[in-house]
>>> print(open('query.cif').read())   # mmCIF, C-alpha atoms
data_protein
loop_
_atom_site.label_atom_id
_atom_site.label_comp_id
_atom_site.auth_asym_id
_atom_site.auth_seq_id
_atom_site.Cartn_x
_atom_site.Cartn_y
_atom_site.Cartn_z
CA GLN A 1 106.05 105.92 96.72
CA VAL A 2 102.29 105.44 96.75
CA GLN A 3 100.96 104.21 100.09
CA LEU A 4 97.44 103.30 101.13
CA GLN A 5 96.17 102.77 104.68
CA GLU A 6 92.76 101.42 105.65
CA SER A 7 91.08 102.49 108.88
CA GLY A 8 87.77 101.86 110.61
CA PRO A 9 86.04 99.73 113.23
CA GLY A 10 87.22 96.15 113.50
CA LEU A 11 83.88 94.96 114.84
CA VAL A 12 80.44 95.66 113.39
CA LYS A 13 77.10 94.33 114.59
CA PRO A 14 74.81 92.39 112.24
CA SER A 15 72.37 94.57 110.26
CA GLU A 16 74.52 97.66 110.84
CA THR A 17 76.70 99.54 108.33
CA LEU A 18 80.40 98.85 107.85
CA SER A 19 82.42 102.01 107.21
CA LEU A 20 86.08 102.12 106.19
CA THR A 21 88.38 104.86 104.94
CA CYS A 22 91.50 104.55 102.81
CA ALA A 23 94.09 107.32 103.22
CA VAL A 24 96.40 107.76 100.25
CA SER A 25 99.89 109.24 100.48
CA GLY A 26 102.57 109.76 97.87
CA TYR A 27 100.03 110.47 95.12
CA SER A 28 97.16 112.89 94.70
CA ILE A 29 93.83 111.16 94.04
CA SER A 30 92.86 114.23 91.97
CA SER A 31 95.65 113.45 89.49
CA GLY A 32 93.81 110.45 88.12
CA TYR A 33 93.56 106.64 88.29
CA TYR A 34 90.72 104.62 89.69
CA TRP A 35 90.78 103.47 93.32
CA GLY A 36 89.22 100.27 94.55
CA TRP A 37 88.05 98.11 97.44
CA ILE A 38 88.60 94.34 97.57
CA ARG A 39 87.81 91.92 100.39
CA GLN A 40 88.94 88.46 101.46
CA PRO A 41 87.00 86.31 103.95
CA PRO A 42 89.26 84.39 106.33
CA GLY A 43 90.89 81.48 104.52
CA LYS A 44 89.13 82.29 101.25
CA GLY A 45 89.77 84.08 97.96
CA LEU A 46 89.58 87.69 96.81
CA GLU A 47 86.35 89.48 95.92
CA TRP A 48 86.21 92.80 94.07
CA ILE A 49 83.80 95.25 95.74
CA GLY A 50 84.00 98.39 93.60
CA ASN A 51 86.03 101.25 92.12
CA ILE A 52 85.86 105.06 92.20
CA TYR A 53 87.45 107.85 90.17
CA HIS A 54 88.36 111.26 91.59
CA SER A 55 85.32 112.69 89.81
CA GLY A 56 83.12 110.42 91.88
CA SER A 57 82.32 107.99 89.07
CA THR A 58 81.82 104.50 90.52
CA TYR A 59 81.52 100.87 89.50
CA TYR A 60 80.22 98.23 91.89
CA ASN A 61 80.19 94.44 91.99
CA PRO A 62 76.63 93.56 90.89
CA SER A 63 76.33 91.05 93.74
CA LEU A 64 76.95 93.81 96.31
CA LYS A 65 75.62 96.85 94.47
CA SER A 66 72.44 97.24 96.52
CA ARG A 67 74.45 97.55 99.77
CA VAL A 68 77.66 99.35 98.70
CA THR A 69 78.56 103.01 98.50
CA ILE A 70 82.07 104.21 97.66
CA SER A 71 82.87 107.90 97.95
CA VAL A 72 85.93 110.11 97.55
CA ASP A 73 87.21 113.15 99.43
CA THR A 74 89.93 114.75 97.32
CA SER A 75 90.57 117.46 99.92
CA LYS A 76 91.67 114.78 102.39
CA ASN A 77 93.15 112.53 99.66
CA GLN A 78 91.09 109.60 100.77
CA PHE A 79 88.20 107.42 99.69
CA SER A 80 85.67 105.45 101.69
CA LEU A 81 83.54 102.33 101.69
CA ARG A 82 80.13 101.85 103.24
CA LEU A 83 78.47 98.43 103.26
CA SER A 84 74.99 98.31 104.73
CA SER A 85 72.96 95.54 106.36
CA VAL A 86 76.01 93.43 107.12
CA THR A 87 75.88 89.77 108.12
CA ALA A 88 78.51 87.28 109.25
CA ALA A 89 79.23 86.60 105.58
CA ASP A 90 80.72 90.11 105.33
CA THR A 91 83.46 89.23 107.82
CA ALA A 92 86.67 89.68 105.87
CA VAL A 93 89.95 91.49 105.47
CA TYR A 94 89.15 94.62 103.49
CA TYR A 95 91.82 96.04 101.20
CA CYS A 96 91.96 99.35 99.38
CA ALA A 97 94.09 99.59 96.26
CA ARG A 98 94.98 101.71 93.24
CA LEU A 99 94.19 100.62 89.70
CA MET A 100 97.02 101.05 87.19
CA GLY A 101 95.08 103.49 85.06
CA SER A 102 91.95 105.50 84.46
CA GLY A 103 89.70 102.65 83.50
CA TRP A 104 89.66 98.90 83.98
CA TYR A 105 93.17 97.99 85.06
CA PRO A 106 94.83 95.64 87.53
CA LEU A 107 95.74 96.77 91.04
CA ASP A 108 99.32 97.88 91.51
CA TYR A 109 99.38 99.43 95.00
CA TRP A 110 97.54 97.89 97.95
CA GLY A 111 96.94 98.80 101.56
CA GLN A 112 97.90 96.30 104.24
CA GLY A 113 94.27 95.35 104.80
CA THR A 114 92.03 95.59 107.83
CA LEU A 115 90.00 92.78 109.37
CA VAL A 116 86.36 93.54 109.95
CA THR A 117 84.37 91.05 111.99
CA VAL A 118 80.57 91.07 111.95
CA SER A 119 79.31 89.80 115.27
CA SER A 120 76.94 90.78 118.03
CA ASP B 1 79.30 87.96 85.54
CA ILE B 2 82.55 86.42 84.32
CA GLN B 3 83.62 83.43 86.41
CA MET B 4 87.32 82.64 86.74
CA THR B 5 88.41 79.09 87.51
CA GLN B 6 91.96 78.19 88.48
CA SER B 7 93.59 74.77 88.45
CA PRO B 8 94.93 73.13 90.40
CA SER B 9 93.70 74.45 93.76
CA THR B 10 96.87 73.19 95.42
CA LEU B 11 100.20 72.34 93.88
CA SER B 12 103.09 70.59 95.63
CA ALA B 13 106.49 71.32 94.15
CA SER B 14 110.19 71.45 94.95
CA VAL B 15 112.72 74.23 94.61
CA GLY B 16 113.91 74.32 91.01
CA ASP B 17 110.72 72.83 89.56
CA ARG B 18 108.91 74.39 86.62
CA VAL B 19 105.40 75.25 87.76
CA THR B 20 102.33 76.04 85.67
CA ILE B 21 98.99 77.35 86.92
CA THR B 22 95.94 77.58 84.65
CA CYS B 23 93.12 80.11 84.75
CA ARG B 24 89.97 79.75 82.65
CA ALA B 25 87.32 82.42 82.07
CA SER B 26 83.64 81.64 81.55
CA GLN B 27 83.71 83.97 78.51
CA SER B 28 86.39 85.77 76.59
CA VAL B 29 88.32 88.45 78.47
CA SER B 30 90.65 89.14 75.52
CA ASN B 31 94.04 89.67 77.18
CA TRP B 32 92.73 91.69 80.11
CA LEU B 33 94.07 89.32 82.73
CA ALA B 34 96.41 89.77 85.69
CA TRP B 35 98.20 87.46 88.10
CA TYR B 36 98.92 88.16 91.77
CA GLN B 37 101.01 86.48 94.45
CA GLN B 38 99.80 86.53 98.05
CA LYS B 39 101.66 85.42 101.16
CA PRO B 40 99.94 84.79 104.52
CA GLY B 41 98.90 87.99 106.26
CA LYS B 42 99.97 90.17 103.34
CA ALA B 43 98.24 92.02 100.54
CA PRO B 44 98.41 90.54 97.06
CA LYS B 45 101.30 91.61 94.85
CA LEU B 46 100.86 92.22 91.13
CA LEU B 47 103.07 89.96 89.00
CA ILE B 48 101.67 89.99 85.47
CA TYR B 49 99.18 92.25 83.67
CA LYS B 50 97.66 92.20 80.20
CA ALA B 51 98.16 88.42 80.26
CA SER B 52 101.89 88.47 79.60
CA SER B 53 103.40 91.81 80.69
CA LEU B 54 105.76 91.54 83.65
CA GLU B 55 105.24 94.13 86.37
CA SER B 56 108.32 96.19 87.16
CA GLY B 57 110.59 94.53 89.72
CA VAL B 58 109.12 91.04 89.29
CA PRO B 59 111.73 88.32 88.57
CA SER B 60 111.89 87.09 85.00
CA ARG B 61 111.25 83.48 86.12
CA PHE B 62 107.57 84.50 86.18
CA SER B 63 105.78 84.56 82.84
CA GLY B 64 102.21 84.65 81.63
CA SER B 65 100.51 83.58 78.43
CA GLY B 66 97.12 83.07 76.87
CA SER B 67 94.18 85.03 75.53
CA GLY B 68 90.44 84.70 75.27
CA THR B 69 89.40 82.19 77.91
CA GLU B 70 92.55 80.24 78.81
CA PHE B 71 95.64 81.59 80.53
CA THR B 72 98.71 80.24 82.26
CA LEU B 73 101.19 81.52 84.82
CA THR B 74 104.56 79.77 84.68
CA ILE B 75 107.39 79.90 87.18
CA SER B 76 110.41 78.59 85.30
CA SER B 77 112.45 77.55 88.35
CA LEU B 78 110.64 77.67 91.68
CA GLN B 79 112.49 79.54 94.42
CA PRO B 80 111.92 79.39 98.20
CA ASP B 81 110.30 82.85 98.12
CA ASP B 82 107.71 81.65 95.58
CA PHE B 83 105.75 79.40 97.96
CA ALA B 84 102.52 81.37 98.17
CA THR B 85 98.99 81.54 96.81
CA TYR B 86 98.44 82.84 93.29
CA TYR B 87 95.30 84.50 91.94
CA CYS B 88 94.21 85.44 88.45
CA GLN B 89 91.97 88.46 87.86
CA GLN B 90 90.00 89.50 84.78
CA TYR B 91 89.35 93.17 84.19
CA ASN B 92 87.62 92.99 80.82
CA SER B 93 84.10 93.26 82.23
CA TYR B 94 84.06 94.72 85.70
CA SER B 95 86.49 92.59 87.71
CA SER B 96 86.62 89.12 89.20
CA PHE B 97 89.23 86.82 90.68
CA GLY B 98 89.96 83.12 90.48
CA GLN B 99 89.68 81.09 93.68
CA GLY B 100 93.45 80.83 94.07
CA THR B 101 96.19 78.22 93.70
CA LYS B 102 98.35 77.45 96.71
CA VAL B 103 101.92 76.45 95.84
CA GLU B 104 103.32 74.42 98.71
CA ILE B 105 106.56 72.66 99.45
CA LYS B 106 106.68 69.03 98.31
#
>>> encode(input="query.cif", output="structure tokens")
Amino acid sequence: QVQLQESGPGLVKPSETLSLTCAVSGYSISSGYYWGWIRQPPGKGLEWIGNIYHSGSTYYNPSLKSRVTISVDTSKNQFSLRLSSVTAADTAVYYCARLMGSGWYPLDYWGQGTLVTVSS
Amino acid sequence: DIQMTQSPSTLSASVGDRVTITCRASQSVSNWLAWYQQKPGKAPKLLIYKASSLESGVPSRFSGSGSGTEFTLTISSLQPDDFATYYCQQYNSYSSFGQGTKVEIK
């Protein structure tokens, strides 16, 4: 059974960098599939942030591209998100997830999500 | 960017009702469309992919149809467990989600 678990600070100051890690169990990232980050502001809808392949190939939401970096560590079977210059608008529940295939696919396994609040 | 628009935003229905949710894309996404169900405090759950393919383990009362720019999710007979928020997602060009449709008890 594939399981994903997000971790990282729950509180980030404005203008600083948000950093989260997604630990994957039950499946080796090196075996394939794309892995993604999605966020959801409180009471609002879902926003795709970006995807990464085990090779390090990435795709980012154009609206966030200048501030987002997604990386992968196959030795630890995890991938990470960095979002720079955060503001209150970046307050959200952040989810990591697996795409169904090695390309553009829907998301079939999700982490439980972690709330990140941007506040001084 | 492809914009996804769902209607209605909120839907009031009773157990046993047939429910239909519509999702429109700002340009064609072929059949690269998925539907998710989300309950409060939980991650979304994949229901339908490739517009009409039922994800494993999802009850057959859920069905999807459409192609191009217009899609529908139908619940043939609403059950108590189905009261939730539903999202469509296109994955034809990058990825984007609809704003959600909340199905509430009438």
>>> resolve_selection(input="query.cif", expression="the PyMOL selection byres ((chain B) within 8 of (chain A))", output="list in words")
Leu33, Ala34, Lys42, Ala43, Pro44, Lys45, Leu46, Tyr49, Gln89, Tyr91, Asn92, Tyr94, Ser95, Ser96, Phe97, Gly98, Gln99 and Gly100 of chain B
>>> atom_distance(input="query.cif", atom1="atom CA of Ser25 of chain A", atom2="atom CA of Phe79 of chain A")
11.9 Å
>>> residues_around(input="query.cif", residues="segment 85-92 of chain A", least_positions_apart="6", cutoff="6 Å", atoms="only C-alpha atoms", output="CSV table (one decimal) with C-alpha atoms, in the frame of the given file")
chain,number,residue,atom,x,y,z
A,14,PRO,CA,74.8,92.4,112.2
A,15,SER,CA,72.4,94.6,110.3
A,16,GLU,CA,74.5,97.7,110.8
A,17,THR,CA,76.7,99.5,108.3
A,40,GLN,CA,88.9,88.5,101.5
A,41,PRO,CA,87.0,86.3,104.0
A,42,PRO,CA,89.3,84.4,106.3
A,115,LEU,CA,90.0,92.8,109.4
A,116,VAL,CA,86.4,93.5,110.0
A,117,THR,CA,84.4,91.0,112.0
A,118,VAL,CA,80.6,91.1,112.0
>>> atom_distance(input="query.cif", atom1="atom CA of Thr5 of chain B", atom2="atom CA of Arg24 of chain B")
5.1 Å
>>> atom_distance(input="query.cif", atom1="atom CA of Ser28 of chain A", atom2="atom CA of Leu54 of chain B")
25.5 Å
>>> residues_around(input="query.cif", residues="Val15 of chain B", least_positions_apart="3", cutoff="12 Å", atoms="all atoms listed in the file", output="list in words")
Ser12, Arg18, Val19, Ile75, Ser76, Ser77, Leu78, Gln79, Pro80, Asp81, Asp82, Phe83, Val103, Glu104, Ile105 and Lys106 of chain B
>>> resolve_selection(input="query.cif", expression="the PyMOL selection byres ((chain A and resi 56) around 12)", output="number ranges by chain")
A: 29-30, 32-35, 51-55, 57-59, 69-74, 78-80
>>> closest_residue(input="query.cif", among="B:Thr101, B:Val58, B:Thr72, B:Ser67", to="Tyr87 of chain B", atoms="all atoms listed in the file")
B:Thr101
>>> resolve_selection(input="query.cif", expression="the PyMOL selection byres ((chain A and resi 67) around 9)", output="list of chain:residue names")
A:Leu64, A:Lys65, A:Ser66, A:Val68, A:Thr69, A:Arg82, A:Leu83, A:Ser84, A:Ser85, A:Val86
>>> residues_around(input="query.cif", residues="Gly26 of chain A", least_positions_apart="3", cutoff="8 Å", atoms="all atoms listed in the file", output="ChimeraX atom specification")
/A:1-3
>>> axis_aligned_box(input="query.cif", around="segment 40-44 of chain A", padding_each_side="3 Å", output="lines of an AutoDock Vina configuration file")
center_x = 88.9
center_y = 85.0
center_z = 103.8
size_x = 9.9
size_y = 13.0
size_z = 11.1
>>> residues_around(input="query.cif", residues="Ser65 of chain B", least_positions_apart="2", cutoff="6 Å", atoms="all atoms listed in the file", output="list in words")
Ala51, Ser52, Phe71 and Thr72 of chain B
>>> closest_residue(input="query.cif", among="B:Lys102, B:Trp32, B:Ser63, B:Lys50", to="Ala84 of chain B", atoms="all atoms listed in the file")
B:Lys102
>>> residues_near_point(input="query.cif", point="(77.0, 92.0, 81.2)", cutoff="9 Å", atoms="only C-alpha atoms", output="ChimeraX atom specification")
/B:1-2,93-94
>>> decode(input="query.cif", residues="segment 68-81 of chain B", atoms="all heavy atoms", output="PDB file, in the first residue's frame")
ATOM      1  N   GLY B  68     -13.780  16.963 -24.659  1.00  0.00           N
ATOM      2  CA  GLY B  68     -13.574  18.312 -25.179  1.00  0.00           C
ATOM      3  C   GLY B  68     -13.614  19.345 -24.071  1.00  0.00           C
ATOM      4  O   GLY B  68     -12.653  19.496 -23.318  1.00  0.00           O
ATOM      5  N   THR B  69     -14.723  20.071 -23.967  1.00  0.00           N
ATOM      6  CA  THR B  69     -14.816  21.137 -22.974  1.00  0.00           C
ATOM      7  C   THR B  69     -15.926  20.947 -21.947  1.00  0.00           C
ATOM      8  O   THR B  69     -16.016  21.745 -21.008  1.00  0.00           O
ATOM      9  CB  THR B  69     -15.020  22.508 -23.655  1.00  0.00           C
ATOM     10  OG1 THR B  69     -16.255  22.471 -24.382  1.00  0.00           O
ATOM     11  CG2 THR B  69     -13.864  22.846 -24.599  1.00  0.00           C
ATOM     12  N   GLU B  70     -16.791  19.968 -22.128  1.00  0.00           N
ATOM     13  CA  GLU B  70     -17.902  19.807 -21.195  1.00  0.00           C
ATOM     14  C   GLU B  70     -17.976  18.393 -20.657  1.00  0.00           C
ATOM     15  O   GLU B  70     -17.990  17.418 -21.409  1.00  0.00           O
ATOM     16  CB  GLU B  70     -19.228  20.187 -21.854  1.00  0.00           C
ATOM     17  CG  GLU B  70     -20.396  20.192 -20.889  1.00  0.00           C
ATOM     18  CD  GLU B  70     -21.512  21.137 -21.314  1.00  0.00           C
ATOM     19  OE1 GLU B  70     -21.243  22.064 -22.086  1.00  0.00           O
ATOM     20  OE2 GLU B  70     -22.644  20.913 -20.864  1.00  0.00           O
ATOM     21  N   PHE B  71     -18.058  18.306 -19.332  1.00  0.00           N
ATOM     22  CA  PHE B  71     -18.028  17.019 -18.642  1.00  0.00           C
ATOM     23  C   PHE B  71     -19.070  16.990 -17.529  1.00  0.00           C
ATOM     24  O   PHE B  71     -19.447  18.039 -16.998  1.00  0.00           O
ATOM     25  CB  PHE B  71     -16.640  16.787 -18.025  1.00  0.00           C
ATOM     26  CG  PHE B  71     -15.523  16.831 -19.029  1.00  0.00           C
ATOM     27  CD1 PHE B  71     -14.944  18.037 -19.393  1.00  0.00           C
ATOM     28  CD2 PHE B  71     -15.072  15.670 -19.637  1.00  0.00           C
ATOM     29  CE1 PHE B  71     -13.928  18.094 -20.329  1.00  0.00           C
ATOM     30  CE2 PHE B  71     -14.059  15.706 -20.575  1.00  0.00           C
ATOM     31  CZ  PHE B  71     -13.489  16.923 -20.924  1.00  0.00           C
ATOM     32  N   THR B  72     -19.527  15.790 -17.190  1.00  0.00           N
ATOM     33  CA  THR B  72     -20.457  15.651 -16.083  1.00  0.00           C
ATOM     34  C   THR B  72     -20.048  14.498 -15.177  1.00  0.00           C
ATOM     35  O   THR B  72     -19.514  13.481 -15.641  1.00  0.00           O
ATOM     36  CB  THR B  72     -21.894  15.423 -16.560  1.00  0.00           C
ATOM     37  OG1 THR B  72     -21.926  14.247 -17.364  1.00  0.00           O
ATOM     38  CG2 THR B  72     -22.404  16.603 -17.352  1.00  0.00           C
ATOM     39  N   LEU B  73     -20.312  14.685 -13.903  1.00  0.00           N
ATOM     40  CA  LEU B  73     -20.212  13.615 -12.907  1.00  0.00           C
ATOM     41  C   LEU B  73     -21.643  13.354 -12.435  1.00  0.00           C
ATOM     42  O   LEU B  73     -22.347  14.288 -12.047  1.00  0.00           O
ATOM     43  CB  LEU B  73     -19.348  14.041 -11.730  1.00  0.00           C
ATOM     44  CG  LEU B  73     -19.336  13.075 -10.528  1.00  0.00           C
ATOM     45  CD1 LEU B  73     -18.596  11.793 -10.885  1.00  0.00           C
ATOM     46  CD2 LEU B  73     -18.705  13.747  -9.302  1.00  0.00           C
ATOM     47  N   THR B  74     -22.061  12.108 -12.476  1.00  0.00           N
ATOM     48  CA  THR B  74     -23.404  11.733 -12.049  1.00  0.00           C
ATOM     49  C   THR B  74     -23.327  10.727 -10.909  1.00  0.00           C
ATOM     50  O   THR B  74     -22.533   9.778 -10.960  1.00  0.00           O
ATOM     51  CB  THR B  74     -24.198  11.131 -13.219  1.00  0.00           C
ATOM     52  OG1 THR B  74     -24.315  12.099 -14.262  1.00  0.00           O
ATOM     53  CG2 THR B  74     -25.600  10.716 -12.774  1.00  0.00           C
ATOM     54  N   ILE B  75     -24.127  10.969  -9.903  1.00  0.00           N
ATOM     55  CA  ILE B  75     -24.326   9.994  -8.829  1.00  0.00           C
ATOM     56  C   ILE B  75     -25.756   9.488  -9.010  1.00  0.00           C
ATOM     57  O   ILE B  75     -26.701  10.277  -8.884  1.00  0.00           O
ATOM     58  CB  ILE B  75     -24.125  10.610  -7.432  1.00  0.00           C
ATOM     59  CG1 ILE B  75     -22.785  11.358  -7.369  1.00  0.00           C
ATOM     60  CG2 ILE B  75     -24.197   9.531  -6.359  1.00  0.00           C
ATOM     61  CD1 ILE B  75     -22.576  12.165  -6.089  1.00  0.00           C
ATOM     62  N   SER B  76     -25.911   8.235  -9.313  1.00  0.00           N
ATOM     63  CA  SER B  76     -27.224   7.729  -9.741  1.00  0.00           C
ATOM     64  C   SER B  76     -28.241   7.705  -8.602  1.00  0.00           C
ATOM     65  O   SER B  76     -29.432   7.950  -8.820  1.00  0.00           O
ATOM     66  CB  SER B  76     -27.087   6.327 -10.337  1.00  0.00           C
ATOM     67  OG  SER B  76     -26.542   5.444  -9.364  1.00  0.00           O
ATOM     68  N   SER B  77     -27.792   7.417  -7.390  1.00  0.00           N
ATOM     69  CA  SER B  77     -28.679   7.378  -6.229  1.00  0.00           C
ATOM     70  C   SER B  77     -27.851   7.797  -5.015  1.00  0.00           C
ATOM     71  O   SER B  77     -27.064   7.003  -4.481  1.00  0.00           O
ATOM     72  CB  SER B  77     -29.256   5.977  -6.033  1.00  0.00           C
ATOM     73  OG  SER B  77     -30.082   5.921  -4.874  1.00  0.00           O
ATOM     74  N   LEU B  78     -28.019   9.032  -4.615  1.00  0.00           N
ATOM     75  CA  LEU B  78     -27.176   9.636  -3.585  1.00  0.00           C
ATOM     76  C   LEU B  78     -27.287   8.876  -2.261  1.00  0.00           C
ATOM     77  O   LEU B  78     -28.400   8.581  -1.788  1.00  0.00           O
ATOM     78  CB  LEU B  78     -27.583  11.097  -3.392  1.00  0.00           C
ATOM     79  CG  LEU B  78     -26.611  12.019  -2.681  1.00  0.00           C
ATOM     80  CD1 LEU B  78     -25.329  12.188  -3.500  1.00  0.00           C
ATOM     81  CD2 LEU B  78     -27.279  13.371  -2.430  1.00  0.00           C
ATOM     82  N   GLN B  79     -26.139   8.546  -1.689  1.00  0.00           N
ATOM     83  CA  GLN B  79     -26.084   7.852  -0.415  1.00  0.00           C
ATOM     84  C   GLN B  79     -25.560   8.780   0.685  1.00  0.00           C
ATOM     85  O   GLN B  79     -24.904   9.789   0.381  1.00  0.00           O
ATOM     86  CB  GLN B  79     -25.189   6.612  -0.531  1.00  0.00           C
ATOM     87  CG  GLN B  79     -25.694   5.587  -1.542  1.00  0.00           C
ATOM     88  CD  GLN B  79     -27.088   5.106  -1.201  1.00  0.00           C
ATOM     89  OE1 GLN B  79     -27.342   4.538  -0.127  1.00  0.00           O
ATOM     90  NE2 GLN B  79     -28.027   5.312  -2.126  1.00  0.00           N
ATOM     91  N   PRO B  80     -25.819   8.468   1.951  1.00  0.00           N
ATOM     92  CA  PRO B  80     -25.368   9.360   3.035  1.00  0.00           C
ATOM     93  C   PRO B  80     -23.870   9.652   2.994  1.00  0.00           C
ATOM     94  O   PRO B  80     -23.443  10.748   3.362  1.00  0.00           O
ATOM     95  CB  PRO B  80     -25.758   8.569   4.291  1.00  0.00           C
ATOM     96  CG  PRO B  80     -26.926   7.739   3.870  1.00  0.00           C
ATOM     97  CD  PRO B  80     -26.646   7.358   2.446  1.00  0.00           C
ATOM     98  N   ASP B  81     -23.072   8.677   2.544  1.00  0.00           N
ATOM     99  CA  ASP B  81     -21.622   8.860   2.494  1.00  0.00           C
ATOM    100  C   ASP B  81     -21.173   9.791   1.368  1.00  0.00           C
ATOM    101  O   ASP B  81     -19.998  10.162   1.296  1.00  0.00           O
ATOM    102  CB  ASP B  81     -20.940   7.495   2.321  1.00  0.00           C
ATOM    103  CG  ASP B  81     -19.437   7.568   2.524  1.00  0.00           C
ATOM    104  OD1 ASP B  81     -18.998   8.166   3.529  1.00  0.00           O
ATOM    105  OD2 ASP B  81     -18.700   7.042   1.664  1.00  0.00           O
TER     106      ASP B  81
END
